Each structure stands twice: as C-alpha cells, then as structure tokens.
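Enquirer: Just so it is clear, I am handing over input.txt, which has compact mmCIF, C-alpha atoms.
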# COMPACT_ATOMS: atom_id res chain seq x y z
CA MET A 26 25.75 -5.31 -95.83
CA SER A 27 22.17 -6.33 -95.07
CA ILE A 28 20.75 -5.91 -91.57
CA PRO A 29 19.69 -9.20 -89.88
CA ASP A 30 15.94 -9.57 -89.24
CA ALA A 31 16.55 -9.54 -85.48
CA TYR A 32 17.64 -5.89 -85.73
CA LYS A 33 14.83 -4.57 -87.91
CA TYR A 34 11.22 -3.64 -87.33
CA LYS A 35 8.86 -6.40 -88.46
CA GLU A 36 5.27 -5.34 -89.01
CA GLY A 37 2.75 -7.45 -87.13
CA VAL A 38 5.32 -9.51 -85.21
CA GLN A 39 4.04 -10.70 -81.83
CA TYR A 40 5.78 -12.78 -79.18
CA PRO A 41 4.07 -15.00 -76.56
CA ALA A 42 3.63 -13.07 -73.31
CA GLY A 43 4.71 -14.88 -70.15
CA GLY A 44 7.37 -17.25 -68.89
CA PHE A 45 7.59 -19.66 -71.82
CA TYR A 46 11.30 -19.55 -72.63
CA ASN A 47 14.48 -21.38 -71.63
CA PRO A 48 15.39 -20.66 -67.97
CA SER A 49 19.12 -20.40 -68.72
CA HIS A 50 19.95 -16.75 -69.37
CA GLN A 51 23.70 -16.25 -68.69
CA PHE A 52 23.72 -12.49 -68.56
CA SER A 53 23.86 -9.91 -65.82
CA LEU A 54 21.87 -6.70 -66.04
CA VAL A 55 23.18 -5.33 -62.74
CA ASN A 56 26.93 -5.33 -63.40
CA GLN A 57 27.50 -4.05 -66.92
CA ARG A 58 30.36 -3.03 -69.16
CA ILE A 59 29.34 0.28 -70.71
CA VAL A 60 31.21 0.33 -74.02
CA VAL A 61 32.10 3.84 -75.22
CA LYS A 62 34.16 3.07 -78.31
CA SER A 63 35.67 -0.05 -79.83
CA LYS A 64 36.71 -2.17 -76.83
CA LYS A 65 36.96 0.74 -74.41
CA TYR A 66 34.50 0.51 -71.53
CA PHE A 67 33.84 1.25 -67.87
CA ILE A 68 31.95 -0.80 -65.29
CA ALA A 69 28.50 0.34 -64.17
CA ARG A 70 26.94 -1.31 -61.13
CA PHE A 71 23.24 -0.60 -61.17
CA PRO A 72 20.91 -1.08 -58.18
CA ASN A 73 20.06 -4.77 -57.88
CA ILE A 74 16.27 -4.89 -58.18
CA TRP A 75 16.38 -8.73 -58.15
CA SER A 76 17.76 -8.99 -54.61
CA LYS A 77 14.35 -10.00 -53.22
CA TYR A 78 12.94 -11.72 -56.28
CA LYS A 79 11.95 -14.93 -54.48
CA LEU A 80 8.60 -14.80 -52.67
CA PRO A 81 8.73 -15.01 -48.90
CA ARG A 82 7.27 -18.21 -47.46
CA VAL A 83 3.48 -18.23 -47.97
CA ASP A 84 1.45 -19.64 -45.08
CA ASP A 85 -1.83 -17.76 -45.55
CA ALA A 86 -4.71 -18.85 -47.76
CA GLU A 87 -5.58 -15.21 -48.46
CA VAL A 88 -2.13 -14.54 -49.96
CA TYR A 89 -2.51 -17.55 -52.26
CA ALA A 90 -6.02 -16.43 -53.26
CA ASN A 91 -4.60 -13.01 -54.16
CA TRP A 92 -1.85 -14.70 -56.18
CA ILE A 93 -4.57 -16.29 -58.30
CA SER A 94 -7.01 -13.37 -58.50
CA ASN A 95 -4.73 -10.31 -58.45
CA GLN A 96 -1.29 -11.35 -59.68
CA MET A 97 -0.03 -7.82 -60.29
CA GLN A 98 -0.07 -6.85 -56.62
CA PHE A 99 2.98 -9.10 -56.17
CA TRP A 100 6.42 -7.56 -56.72
CA GLN A 101 7.75 -10.68 -58.43
CA ASN A 102 5.07 -10.49 -61.11
CA GLN A 103 5.52 -6.74 -61.56
CA LEU A 104 9.21 -7.39 -62.22
CA ASN A 105 8.42 -10.30 -64.56
CA PHE A 106 6.07 -8.06 -66.53
CA ALA A 107 8.60 -5.24 -66.83
CA LEU A 108 11.31 -7.72 -67.85
CA TRP A 109 9.13 -9.25 -70.58
CA CYS A 110 8.18 -5.80 -71.91
CA ALA A 111 11.78 -4.59 -72.00
CA THR A 112 13.04 -7.69 -73.79
CA THR A 113 10.67 -10.12 -75.52
CA GLY A 114 7.86 -7.60 -75.92
CA CYS A 115 10.28 -5.32 -77.76
CA GLY A 116 11.68 -8.12 -79.90
CA VAL A 117 14.93 -8.16 -77.89
CA GLY A 118 16.03 -11.71 -77.10
CA LYS A 119 18.92 -13.60 -75.59
CA LYS A 120 20.85 -13.30 -78.88
CA HIS A 121 20.95 -9.50 -78.37
CA LEU A 122 21.95 -9.75 -74.71
CA ARG A 123 24.70 -12.31 -75.43
CA HIS A 124 25.94 -10.79 -78.70
CA THR A 125 29.64 -11.28 -79.46
CA ASN A 126 30.07 -7.62 -80.47
CA PRO A 127 30.85 -5.72 -77.22
CA MET A 128 29.07 -2.52 -78.31
CA ILE A 129 25.87 -4.28 -79.41
CA ARG A 130 25.84 -6.39 -76.24
CA SER A 131 26.41 -3.30 -74.09
CA VAL A 132 23.63 -1.27 -75.70
CA PHE A 133 21.03 -4.03 -75.41
CA ARG A 134 21.90 -4.93 -71.83
CA PHE A 135 21.63 -1.26 -70.94
CA HIS A 136 18.33 -1.10 -72.82
CA ALA A 137 16.94 -4.09 -70.88
CA TYR A 138 17.85 -2.69 -67.46
CA TYR A 139 16.87 0.88 -68.28
CA GLN A 140 13.47 -0.04 -69.70
CA ILE A 141 12.71 -2.45 -66.83
CA ARG A 142 13.33 0.36 -64.37
CA ARG A 143 11.49 2.83 -66.61
CA ILE A 144 8.38 0.65 -66.79
CA LEU A 145 8.39 0.00 -63.03
CA SER A 146 8.71 3.76 -62.48
CA GLU A 147 5.85 4.47 -64.90
CA MET A 148 3.64 2.05 -62.92
CA SER A 149 4.74 3.66 -59.60
CA CYS A 150 6.00 0.32 -58.25
CA PRO A 151 8.27 0.75 -55.20
CA LEU A 152 11.64 -1.03 -55.38
CA PRO A 153 12.99 -3.45 -52.73
CA ASN A 154 15.25 -0.76 -51.26
CA GLU A 155 12.26 1.53 -50.54
CA SER A 156 10.51 1.43 -47.16
CA VAL A 157 7.03 1.11 -48.70
CA TRP A 158 8.00 -1.94 -50.79
CA ASN A 159 5.96 -5.07 -50.10
CA ALA A 160 6.66 -8.45 -51.71
CA VAL A 161 3.05 -9.64 -51.62
CA ASP A 162 1.14 -6.35 -51.78
CA ASN A 163 3.23 -3.83 -53.66
CA MET A 164 1.79 -0.58 -54.94
CA ILE A 165 1.02 -0.38 -58.68
CA ASP A 166 -0.90 2.06 -60.87
CA MET A 167 -3.23 -0.34 -62.69
CA VAL A 168 -4.32 2.36 -65.17
CA VAL A 169 -0.73 2.70 -66.34
CA TYR A 170 -0.34 -1.09 -66.33
CA GLU A 171 -3.32 -1.42 -68.67
CA ARG A 172 -1.90 1.33 -70.89
CA ILE A 173 1.42 -0.51 -71.19
CA CYS A 174 -0.44 -3.75 -71.97
CA LYS A 175 -2.14 -1.94 -74.87
CA GLU A 176 1.23 -0.56 -75.98
CA TYR A 177 2.44 -4.16 -76.34
CA ASN A 178 -0.88 -5.45 -77.66
CA ILE A 179 -1.44 -7.96 -74.85
CA LYS A 180 -4.39 -8.57 -72.53
CA GLY A 181 -4.35 -7.18 -69.00
CA HIS A 182 -5.12 -10.59 -67.49
CA THR A 183 -2.11 -12.28 -69.15
CA SER A 184 -0.26 -14.36 -66.54
CA PHE A 185 3.21 -13.16 -65.57
CA ARG A 186 3.66 -15.75 -62.83
CA GLN A 187 6.86 -17.75 -63.21
CA ARG A 188 6.27 -21.38 -64.25
CA LEU A 189 9.16 -23.23 -62.63
CA ASP A 190 7.27 -24.09 -59.44
CA ASP A 191 4.07 -25.87 -58.42
CA ASN A 192 0.71 -24.39 -57.44
CA ASN A 193 0.57 -21.79 -60.22
CA GLY A 194 4.15 -20.76 -59.53
CA VAL A 195 3.74 -19.82 -55.89
CA GLY A 196 5.85 -22.81 -54.80
CA THR A 197 5.88 -26.29 -53.28
CA ALA A 198 3.48 -27.02 -50.43
CA LYS A 199 5.20 -28.49 -47.34
CA PHE A 200 4.37 -29.20 -43.72
CA THR A 201 6.20 -29.99 -40.51
CA ARG A 202 5.25 -33.43 -39.24
CA THR A 203 5.96 -34.96 -35.84
CA TYR A 204 6.57 -38.70 -35.80
CA HIS A 205 5.62 -40.68 -32.66
CA HIS A 206 7.49 -43.95 -32.26
CA ASP A 207 5.38 -46.94 -31.23
CA PHE A 208 7.87 -48.64 -28.96
CA SER A 209 9.34 -45.64 -27.17
CA LEU A 210 8.56 -42.16 -25.97
CA LYS A 211 10.83 -40.70 -28.61
CA THR A 212 9.46 -38.31 -31.26
CA ASP A 213 11.01 -36.92 -34.46
CA THR A 214 10.08 -33.78 -36.38
CA GLY A 215 10.71 -33.26 -40.08
CA VAL A 216 9.50 -31.29 -43.11
CA GLU A 217 7.56 -33.22 -45.74
CA VAL A 218 6.13 -32.26 -49.13
CA ALA A 219 2.34 -32.13 -49.05
CA LYS A 220 0.79 -34.72 -51.38
CA LYS A 221 -2.76 -33.36 -51.36
CA PRO A 222 -2.63 -29.81 -49.98
CA ASN A 223 -5.91 -28.09 -49.21
CA LEU A 224 -5.19 -24.55 -50.40
CA ASP A 225 -8.55 -23.25 -49.16
CA ASN A 226 -7.42 -23.50 -45.56
CA PHE A 227 -3.71 -24.37 -46.00
CA THR A 228 -3.82 -27.80 -44.39
CA GLU A 229 -2.66 -31.31 -45.24
CA PHE A 230 -4.57 -34.37 -44.01
CA VAL A 231 -2.33 -37.33 -43.18
CA PRO A 232 -3.98 -40.70 -42.44
CA GLY A 233 -2.65 -42.39 -39.33
CA HIS A 234 -0.77 -45.65 -39.29
CA VAL A 235 -1.70 -48.69 -37.21
CA ASN A 236 0.63 -49.15 -34.26
CA PHE A 237 1.47 -52.32 -32.39
CA LEU A 238 -1.65 -51.95 -30.22
CA GLY A 239 -3.89 -51.78 -33.27
CA ASN A 240 -4.67 -48.08 -32.83
CA SER A 241 -4.72 -45.56 -35.67
CA LYS A 242 -4.56 -41.79 -35.43
CA ASP A 243 -5.14 -39.34 -38.28
CA ALA A 244 -3.61 -35.84 -38.26
CA THR A 245 -4.14 -32.51 -40.00
CA TYR A 246 -1.09 -30.28 -40.43
CA LYS A 247 -0.73 -26.61 -41.24
CA ILE A 248 1.10 -26.21 -44.57
CA PHE A 249 3.35 -23.51 -46.00
CA ILE A 250 4.46 -22.88 -49.58
CA ASP A 251 8.02 -22.16 -50.63
CA GLN A 252 9.46 -21.32 -54.06
CA SER A 253 12.54 -23.21 -55.21
CA PHE A 254 13.37 -22.32 -58.87
CA HIS A 255 15.16 -25.65 -59.16
CA LYS A 256 15.94 -25.32 -62.89
CA GLU A 257 19.26 -24.24 -64.40
CA SER A 258 19.98 -20.64 -63.46
CA GLY A 259 22.93 -19.58 -65.58
CA TYR A 260 24.53 -16.38 -64.30
CA VAL A 261 22.62 -14.57 -61.60
CA ASP A 262 22.68 -11.17 -59.95
CA TYR A 263 23.76 -12.20 -56.46
CA ALA A 264 21.01 -14.73 -55.69
CA PRO A 265 22.07 -16.21 -52.32
CA ASP A 266 21.88 -19.88 -53.36
CA GLY A 267 22.70 -19.44 -57.05
CA THR A 268 19.38 -20.82 -58.29
CA TRP A 269 16.67 -18.37 -57.26
CA MET A 270 17.06 -16.26 -60.37
CA ALA A 271 16.40 -19.02 -62.92
CA ALA A 272 12.88 -17.75 -63.55
CA ILE A 273 13.98 -14.46 -65.12
CA GLY A 274 15.36 -16.31 -68.15
CA THR A 275 11.93 -17.75 -68.91
CA PHE A 276 10.61 -14.27 -69.76
CA VAL A 277 13.32 -13.51 -72.34
CA ASP A 278 12.88 -14.87 -75.87
CA ASP A 279 15.62 -17.30 -76.87
CA ALA A 280 15.89 -15.72 -80.32
CA SER A 281 14.19 -12.83 -82.10
CA ASN A 282 12.39 -12.35 -85.37
CA GLY A 283 12.48 -8.57 -85.40
CA PHE A 284 11.49 -5.57 -83.31
CA THR A 285 7.87 -4.84 -82.48
CA GLN A 286 6.39 -1.36 -82.87
CA ALA A 287 6.67 -0.82 -79.12
CA GLY A 288 10.21 -2.16 -79.33
CA VAL A 289 11.30 0.38 -81.92
CA VAL A 290 10.10 3.24 -79.69
CA ARG A 291 11.62 1.78 -76.53
CA VAL A 292 14.96 0.79 -78.09
CA ASP A 293 15.28 4.26 -79.67
CA ASP A 294 14.66 5.80 -76.25
CA SER A 295 17.30 3.55 -74.67
CA ILE A 296 19.93 4.39 -77.30
CA ARG A 297 19.30 8.12 -76.90
CA THR A 298 19.60 7.76 -73.12
CA TYR A 299 22.77 5.66 -73.43
CA VAL A 300 24.47 8.30 -75.58
CA TRP A 301 23.11 11.26 -73.62
CA ALA A 302 24.11 9.81 -70.24
CA ILE A 303 27.70 9.25 -71.42
CA LEU A 304 28.21 12.55 -73.27
CA SER A 305 26.42 14.65 -70.67
CA ALA A 306 28.47 13.07 -67.87
CA GLN A 307 31.69 14.03 -69.66
CA SER A 308 30.43 17.51 -70.41
CA MET A 309 29.28 18.17 -66.84
CA THR A 310 32.50 16.90 -65.26
CA LYS A 311 34.78 18.18 -68.06
CA SER A 312 36.47 14.81 -68.03
CA SER A 313 36.72 11.67 -70.14
CA ILE A 314 34.54 8.86 -68.82
CA LEU A 315 37.29 6.31 -69.56
CA GLY A 316 40.31 5.67 -67.38
CA THR A 317 40.86 6.55 -63.72
CA GLY A 318 41.10 9.68 -61.58
CA THR A 319 38.66 12.30 -62.85
CA ALA A 320 37.06 9.61 -65.05
CA PHE A 321 35.50 8.25 -61.87
CA ASP A 322 33.64 11.54 -61.48
CA ALA A 323 32.21 11.19 -64.99
CA GLN A 324 31.25 7.58 -64.33
CA LYS A 325 29.46 8.61 -61.14
CA GLN A 326 27.64 11.34 -63.07
CA PHE A 327 26.65 8.75 -65.70
CA MET A 328 24.86 6.73 -62.99
CA THR A 329 23.12 9.88 -61.77
CA ASN A 330 22.02 10.71 -65.31
CA VAL A 331 20.54 7.24 -65.79
CA GLU A 332 18.56 7.46 -62.54
CA ASP A 333 17.28 10.91 -63.56
CA ALA A 334 16.18 9.55 -66.94
CA ILE A 335 14.44 6.57 -65.31
CA ASN A 336 12.42 8.76 -62.98
CA SER A 337 11.63 11.58 -65.42
CA ALA A 338 8.13 12.11 -66.79
CA VAL A 339 7.24 10.16 -69.93
CA ASP A 340 7.84 12.84 -72.54
CA LEU A 341 9.22 11.75 -75.92
CA PRO A 342 9.75 15.28 -77.38
CA SER A 343 11.74 16.35 -74.31
CA SER A 344 13.83 13.18 -74.51
CA ILE A 345 14.69 13.85 -78.17
CA TYR A 346 15.45 17.54 -77.47
CA ARG A 347 17.76 16.62 -74.56
CA TYR A 348 19.61 14.16 -76.77
CA GLN A 349 20.00 16.62 -79.66
CA ASN A 350 21.06 19.43 -77.36
CA THR A 351 23.76 17.25 -75.82
CA LEU A 352 25.10 16.29 -79.23
CA GLN A 353 25.35 19.97 -80.19
As structure tokens - that is how I would like this structure written.
Expert:
Amino acid sequence: MSIPDAYKYKEGVQYPAGGFYNPSHQFSLVNQRIVVKSKKYFIARFPNIWSKYKLPRVDDAEVYANWISNQMQFWQNQLNFALWCATTGCGVGKKHLRHTNPMIRSVFRFHAYYQIRRILSEMSCPLPNESVWNAVDNMIDMVVYERICKEYNIKGHTSFRQRLDDNNGVGTAKFTRTYHHDFSLKTDTGVEVAKKPNLDNFTEFVPGHVNFLGNSKDATYKIFIDQSFHKESGYVDYAPDGTWMAAIGTFVDDASNGFTQAGVVRVDDSIRTYVWAILSAQSMTKSSILGTGTAFDAQKQFMTNVEDAINSAVDLPSSIYRYQNTLQ
C-alpha cells in the first residue's frame, strides 16, 4: 500500500508562515486520548497554555507601538509562532489532527502539543502559570528564535500576529462616551467603537452636535483596544466565552502536501518521545498504563516523563539513545 503524500517527506516543500488558514480547528491539544494499541487509550490532561491567549485590554500607545515593532515580546505571538512551527511548518495539518484512525490522530495531536511546549522551552518563554510570565512583555531568547526561524527557512520578521481583529490584530478600538441630553440634566454613558482612532496618543475625536440653543461642543475621548476573535472557533481549550481561541486555527494548515525537512526531524522526535514516555512509565511503575488502579500511577509517570522531555536540553543523540535503551 502506498503512503499518502501528506505522510512523506517532500523536498523543497514550503508552507506560508502566519495566520492564513481557516479559523475552525475542532481539535483539543490539552485533553488528549493517548492511544497505546488498537482502540485502547488513556486520557492525558496537559497544562493549558492557552488559558490566557487573549491579550489584556490595551490602553497605552507604547504597548501598541511595541506590538508593531517588536511582536515577539508578546506571549500571544510567541504561542502563535510555536504553534505554526509544530504544525504547518512541519507539514502537519488539520487532516493529521482530525484523522479518523485513533492511533494516527493521537500521535499527531501529541506531536503538536509536545513540540509547541518544546519550542517555547527552547526560547525560554515563561508559561502563563509562571510568576514571571507577562502577556505584553514576556521573556524570549531572540538568538534561539532566529535559529528556529532558520530551521524552518522563514524570515525573523515574519508576522505571527493573529489576523481576525482590527489594528494589525491587536483588537477593536473603543471609547466610553458620555451623552448630555439637551432638554434635561440627565446624562448617559456607553461604549462606542472608535471610527477614526488616533493610535499615536490613543484618543478619538468626536465632533459635537448642535443643541437646541445652537451651541456645539467637540470632545476628545481616551480609547482602549480589545480583541474579540469573532470568527468561528470550533472546539476550544476552555476559553471562557467559547470564541477567544478561534485564532489558533488560522496557524494550522487546512491540508498538507508532505513533511518539511524540519518536520521530519521534529515528528521523529515526537514519536520517540511518545513511545518512550509510555514504555518508560510502565517500566518505572511496573504496571500497565491501561485500566485503573496501579495504571493511574503509570499514567501519572507518563505526564512526568513528557514534562522532563519538554524541558531537557536539545540533544538528538541522547534522545535516540534514551529511546533505544527503553526499547531494550
């Protein structure tokens, strides 16, 4: 039986880098079925690194200027980059992550999560559950970032801002406006979308209206910017309103025309880690990883093994030796 092109290395294949794809993704990378054999599996609940994906409200011109000039200091863009590298950049698309074969689907979903975490760890990016994490100024090793860009044959200034919102993806500009009624002392306050936001000083100029006395009063309001991700979201990993996560789908290729060179290396690493984490967990706990009772100990050890692999030094020979040793 011939191997489909989507599961083979294709010399010279290159996929567009950035959020160009369909926002609907319909897969979870946090809660996964880890298939061990045939239809036998256990549930793995990985740390949810998407819990704070949406940017906090931006009300500072300096933050917006940094969004334009230094995109990779933002956690959201770091995560977008790692997601693209682990999936599209490898030649892994939605067809892999939604595959009807449980084992194939399991391996590629594990690959996507593992390599996302691996790449973030390589770049020394703190995660949302760490005290030093910062949504708008997160630590990143730019030397490693540039190295990974070269690994995937893309330029370091490639945009990894999501494209579902206005103002270069940072969100919709709004302001709080107070309405003064002409014939009474009553006032109303409401939020409006800015029509012509001045992003140099984060203000919106609103021409006044003529009241019954013939007077007109202009006003300048302080604006803020808020992301919405209003497109179809598909399944999400616990986004509070069910729509915030739509942007992650735009970084995953809808199909695939074959693995890239970087993809072959990364997918091989993921498969070795998948097998090693399962077999080593059973060996260490002297228990099957399937079922209940002592199987829970092996499943817990599996999660520990994955975290150890994520945070280990980048060392391909050691990874291969560990895998071979476990098989023996």
Enquirer: At a cut-off of 6 Å, using only C-alpha atoms, what residues contact Phe249 in chain A? Leave out same-chain residues fewer than 5 positions from it and give the result as a list in words.
Expert: Val83, Asp84, Ala198 and Lys199 of chain A
Enquirer: Range 136-230 of chain A near range 73-79 of chain A within 9 Å: what's each residue's closest atom pair and its distance in Å to one decimal, counting only C-alpha atoms, ordered by chain then ascending residue number, as a tab-separated table?
Expert:
residue	atom	partner	partner_atom	distance
A:Arg142	CA	A:Ile74	CA	8.6
A:Leu152	CA	A:Ile74	CA	6.6
A:Pro153	CA	A:Ile74	CA	6.5
A:Asn154	CA	A:Ile74	CA	8.1
A:Ala160	CA	A:Lys77	CA	8.0
Enquirer: I'd like to know which of A:Met148, A:Val117, A:Ile250, A:Val55 is closest to Gln286 in chain A, using all atoms listed in the file.
Expert: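 Using all atoms listed in the file, the shortest distance to Gln286 in chain A belongs to A:Val117.
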Enquirer: Could you check the closest approach to Pro127 in chain A for each of A:Val60, A:Ile28, A:Val88, A:Ile179 and tell me which residue wins, using all atoms listed in the file?
Expert: A:Val60
Enquirer: Using all atoms listed in the file, list the residues that have an atom at most 12 Å from (-0.1, -16.3, -45.7), coordinates as in the file, as a ChimeraX atom specification.
Expert: /A:80-92,160-162,195,224-227,247-251
Enquirer: Produce a table with one row for each residue of range 62-138 of chain A that has an atom at most 9 Å from any atom of range 303-323 of chain A, each row naming the nearest atom pair and its distance in Å at one decimal; use all atoms listed in the file; arrange rows by chain and rising residue number; format as a Markdown table.
Expert:
| residue | atom | partner | partner_atom | distance |
| --- | --- | --- | --- | --- |
| A:Lys65 | CA | A:Leu315 | CA | 7.4 |
| A:Tyr66 | CA | A:Leu315 | CA | 6.7 |
| A:Phe67 | CA | A:Leu315 | CA | 6.4 |
Enquirer: How far is it from CA of Gly116 in chain A to CA of Leu54 in chain A, in Å with one decimal?
Expert: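 Rounded to one decimal, the two atoms are 17.3 Å apart.
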Enquirer: Find the distance between CA of Lys325 in chain A and CA of Asp294 in chain A and write it in Å to one decimal.
Expert: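 Between these atoms lies a distance of 21.3 Å.
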Enquirer: Might you pull out every residue within 7 Å of range 31-44 of chain A, with all atoms listed in the file counted and same-chain residues fewer than 6 positions away left off, and present them as a count of residues only?
Expert: 15
Enquirer: Could you make a table, as a tab-separated table, of the residues of range 149-204 of chain A that have an atom within 12 Å of an atom of range 332-339 of chain A, each with its nearest atom pair and distance in Å to one decimal, counting only C-alpha atoms, in chain and number order?
Expert:
residue	atom	partner	partner_atom	distance
A:Ser149	CA	A:Asn336	CA	9.8
A:Cys150	CA	A:Asn336	CA	11.6
A:Pro151	CA	A:Asn336	CA	11.9
A:Val169	CA	A:Val339	CA	11.5
Enquirer: Pick from A:Gln98, A:Ala280, A:Ala272, A:Glu176: nearest to Met164 in chain A, with only C-alpha atoms counted?
Expert: A:Gln98
Enquirer: Between A:Glu147, A:Val157, A:Gly274, A:Thr197, single out the one closest to Gln103 in chain A, counting all atoms listed in the file.
Expert: A:Glu147
Enquirer: A:Lys221, A:Lys120, A:Arg186, A:Arg297: which is nearest Asn95 in chain A, counting only C-alpha atoms?
Expert: A:Arg186
Enquirer: With distances taken over all atoms listed in the file, which residue among A:Ala271, A:Asn178, A:Arg70, A:Gln101 lies nearest Tyr138 in chain A?
Expert: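 For Tyr138 in chain A, the nearest of the candidates is A:Arg70.
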Enquirer: Please tell me which residues are no farther than 8 Å from (20.1, -10.5, -74.3) in the file, counting all atoms listed in the file, and write them as a list in words.
Expert: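 Using all atoms listed in the file, the matching residues come out as His50, Phe52, Thr112, Val117, Gly118, Lys119, Lys120, His121, Leu122, Arg123, His124, Arg130, Phe133, Arg134, Ala137 and Val277 of chain A.
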Enquirer: Please dump the current selection as a short mmCIF file (atom, residue, chain, number, x, y, z; two decimals), keeping the file's coordinate frame; keep C-alpha atoms.
Expert:
data_model
loop_
_atom_site.label_atom_id
_atom_site.label_comp_id
_atom_site.auth_asym_id
_atom_site.auth_seq_id
_atom_site.Cartn_x
_atom_site.Cartn_y
_atom_site.Cartn_z
CA HIS A 50 19.95 -16.75 -69.37
CA PHE A 52 23.72 -12.49 -68.56
CA THR A 112 13.04 -7.69 -73.79
CA VAL A 117 14.93 -8.16 -77.89
CA GLY A 118 16.03 -11.71 -77.10
CA LYS A 119 18.92 -13.60 -75.59
CA LYS A 120 20.85 -13.30 -78.88
CA HIS A 121 20.95 -9.50 -78.37
CA LEU A 122 21.95 -9.75 -74.71
CA ARG A 123 24.70 -12.31 -75.43
CA HIS A 124 25.94 -10.79 -78.70
CA ARG A 130 25.84 -6.39 -76.24
CA PHE A 133 21.03 -4.03 -75.41
CA ARG A 134 21.90 -4.93 -71.83
CA ALA A 137 16.94 -4.09 -70.88
CA VAL A 277 13.32 -13.51 -72.34
#
Enquirer: Using Å and a single decimal, report how far CA of Tyr170 in chain A sits from CA of Asp278 in chain A.
Expert: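 Going from CA of Asp278 in chain A over to CA of Tyr170 in chain A, I get 21.3 Å.
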Enquirer: Rebuild range 59-77 of chain A to N, CA and C atoms - output it as a PDB file, in the frame of the given file, please.
Expert:
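Output file rebuild_27.pdb follows:
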ATOM      1  N   ILE A  59      29.879  -0.764 -69.838  1.00  0.00           N
ATOM      2  CA  ILE A  59      29.340   0.280 -70.710  1.00  0.00           C
ATOM      3  C   ILE A  59      30.417   0.626 -71.742  1.00  0.00           C
ATOM      4  N   VAL A  60      30.218   0.146 -72.969  1.00  0.00           N
ATOM      5  CA  VAL A  60      31.210   0.330 -74.020  1.00  0.00           C
ATOM      6  C   VAL A  60      31.037   1.731 -74.625  1.00  0.00           C
ATOM      7  N   VAL A  61      32.125   2.467 -74.708  1.00  0.00           N
ATOM      8  CA  VAL A  61      32.100   3.840 -75.220  1.00  0.00           C
ATOM      9  C   VAL A  61      32.599   3.890 -76.662  1.00  0.00           C
ATOM     10  N   LYS A  62      33.647   3.157 -76.945  1.00  0.00           N
ATOM     11  CA  LYS A  62      34.160   3.070 -78.310  1.00  0.00           C
ATOM     12  C   LYS A  62      35.011   1.820 -78.431  1.00  0.00           C
ATOM     13  N   SER A  63      34.913   1.173 -79.574  1.00  0.00           N
ATOM     14  CA  SER A  63      35.670  -0.050 -79.830  1.00  0.00           C
ATOM     15  C   SER A  63      35.586  -0.969 -78.616  1.00  0.00           C
ATOM     16  N   LYS A  64      36.700  -1.298 -77.999  1.00  0.00           N
ATOM     17  CA  LYS A  64      36.710  -2.170 -76.830  1.00  0.00           C
ATOM     18  C   LYS A  64      36.953  -1.396 -75.536  1.00  0.00           C
ATOM     19  N   LYS A  65      36.767  -0.099 -75.590  1.00  0.00           N
ATOM     20  CA  LYS A  65      36.960   0.740 -74.410  1.00  0.00           C
ATOM     21  C   LYS A  65      35.650   0.824 -73.632  1.00  0.00           C
ATOM     22  N   TYR A  66      35.715   0.544 -72.333  1.00  0.00           N
ATOM     23  CA  TYR A  66      34.500   0.510 -71.530  1.00  0.00           C
ATOM     24  C   TYR A  66      34.802   0.882 -70.074  1.00  0.00           C
ATOM     25  N   PHE A  67      33.739   1.124 -69.322  1.00  0.00           N
ATOM     26  CA  PHE A  67      33.840   1.250 -67.870  1.00  0.00           C
ATOM     27  C   PHE A  67      32.754   0.385 -67.244  1.00  0.00           C
ATOM     28  N   ILE A  68      32.902   0.075 -65.981  1.00  0.00           N
ATOM     29  CA  ILE A  68      31.950  -0.800 -65.290  1.00  0.00           C
ATOM     30  C   ILE A  68      30.876   0.045 -64.595  1.00  0.00           C
ATOM     31  N   ALA A  69      29.633  -0.306 -64.849  1.00  0.00           N
ATOM     32  CA  ALA A  69      28.500   0.340 -64.170  1.00  0.00           C
ATOM     33  C   ALA A  69      27.799  -0.713 -63.307  1.00  0.00           C
ATOM     34  N   ARG A  70      27.624  -0.402 -62.052  1.00  0.00           N
ATOM     35  CA  ARG A  70      26.940  -1.310 -61.130  1.00  0.00           C
ATOM     36  C   ARG A  70      25.608  -0.678 -60.734  1.00  0.00           C
ATOM     37  N   PHE A  71      24.560  -1.159 -61.387  1.00  0.00           N
ATOM     38  CA  PHE A  71      23.240  -0.600 -61.170  1.00  0.00           C
ATOM     39  C   PHE A  71      22.591  -1.203 -59.919  1.00  0.00           C
ATOM     40  N   PRO A  72      21.627  -0.513 -59.329  1.00  0.00           N
ATOM     41  CA  PRO A  72      20.910  -1.080 -58.180  1.00  0.00           C
ATOM     42  C   PRO A  72      20.313  -2.444 -58.521  1.00  0.00           C
ATOM     43  N   ASN A  73      20.506  -3.405 -57.630  1.00  0.00           N
ATOM     44  CA  ASN A  73      20.060  -4.770 -57.880  1.00  0.00           C
ATOM     45  C   ASN A  73      18.590  -4.932 -57.490  1.00  0.00           C
ATOM     46  N   ILE A  74      17.702  -4.789 -58.451  1.00  0.00           N
ATOM     47  CA  ILE A  74      16.270  -4.890 -58.180  1.00  0.00           C
ATOM     48  C   ILE A  74      15.813  -6.347 -58.069  1.00  0.00           C
ATOM     49  N   TRP A  75      16.734  -7.304 -58.287  1.00  0.00           N
ATOM     50  CA  TRP A  75      16.380  -8.730 -58.150  1.00  0.00           C
ATOM     51  C   TRP A  75      16.768  -9.303 -56.793  1.00  0.00           C
ATOM     52  N   SER A  76      17.242  -8.481 -55.878  1.00  0.00           N
ATOM     53  CA  SER A  76      17.760  -8.990 -54.610  1.00  0.00           C
ATOM     54  C   SER A  76      16.706  -9.696 -53.778  1.00  0.00           C
ATOM     55  N   LYS A  77      15.436  -9.359 -53.973  1.00  0.00           N
ATOM     56  CA  LYS A  77      14.350 -10.000 -53.220  1.00  0.00           C
ATOM     57  C   LYS A  77      13.321 -10.587 -54.179  1.00  0.00           C
TER      58      LYS A  77
END
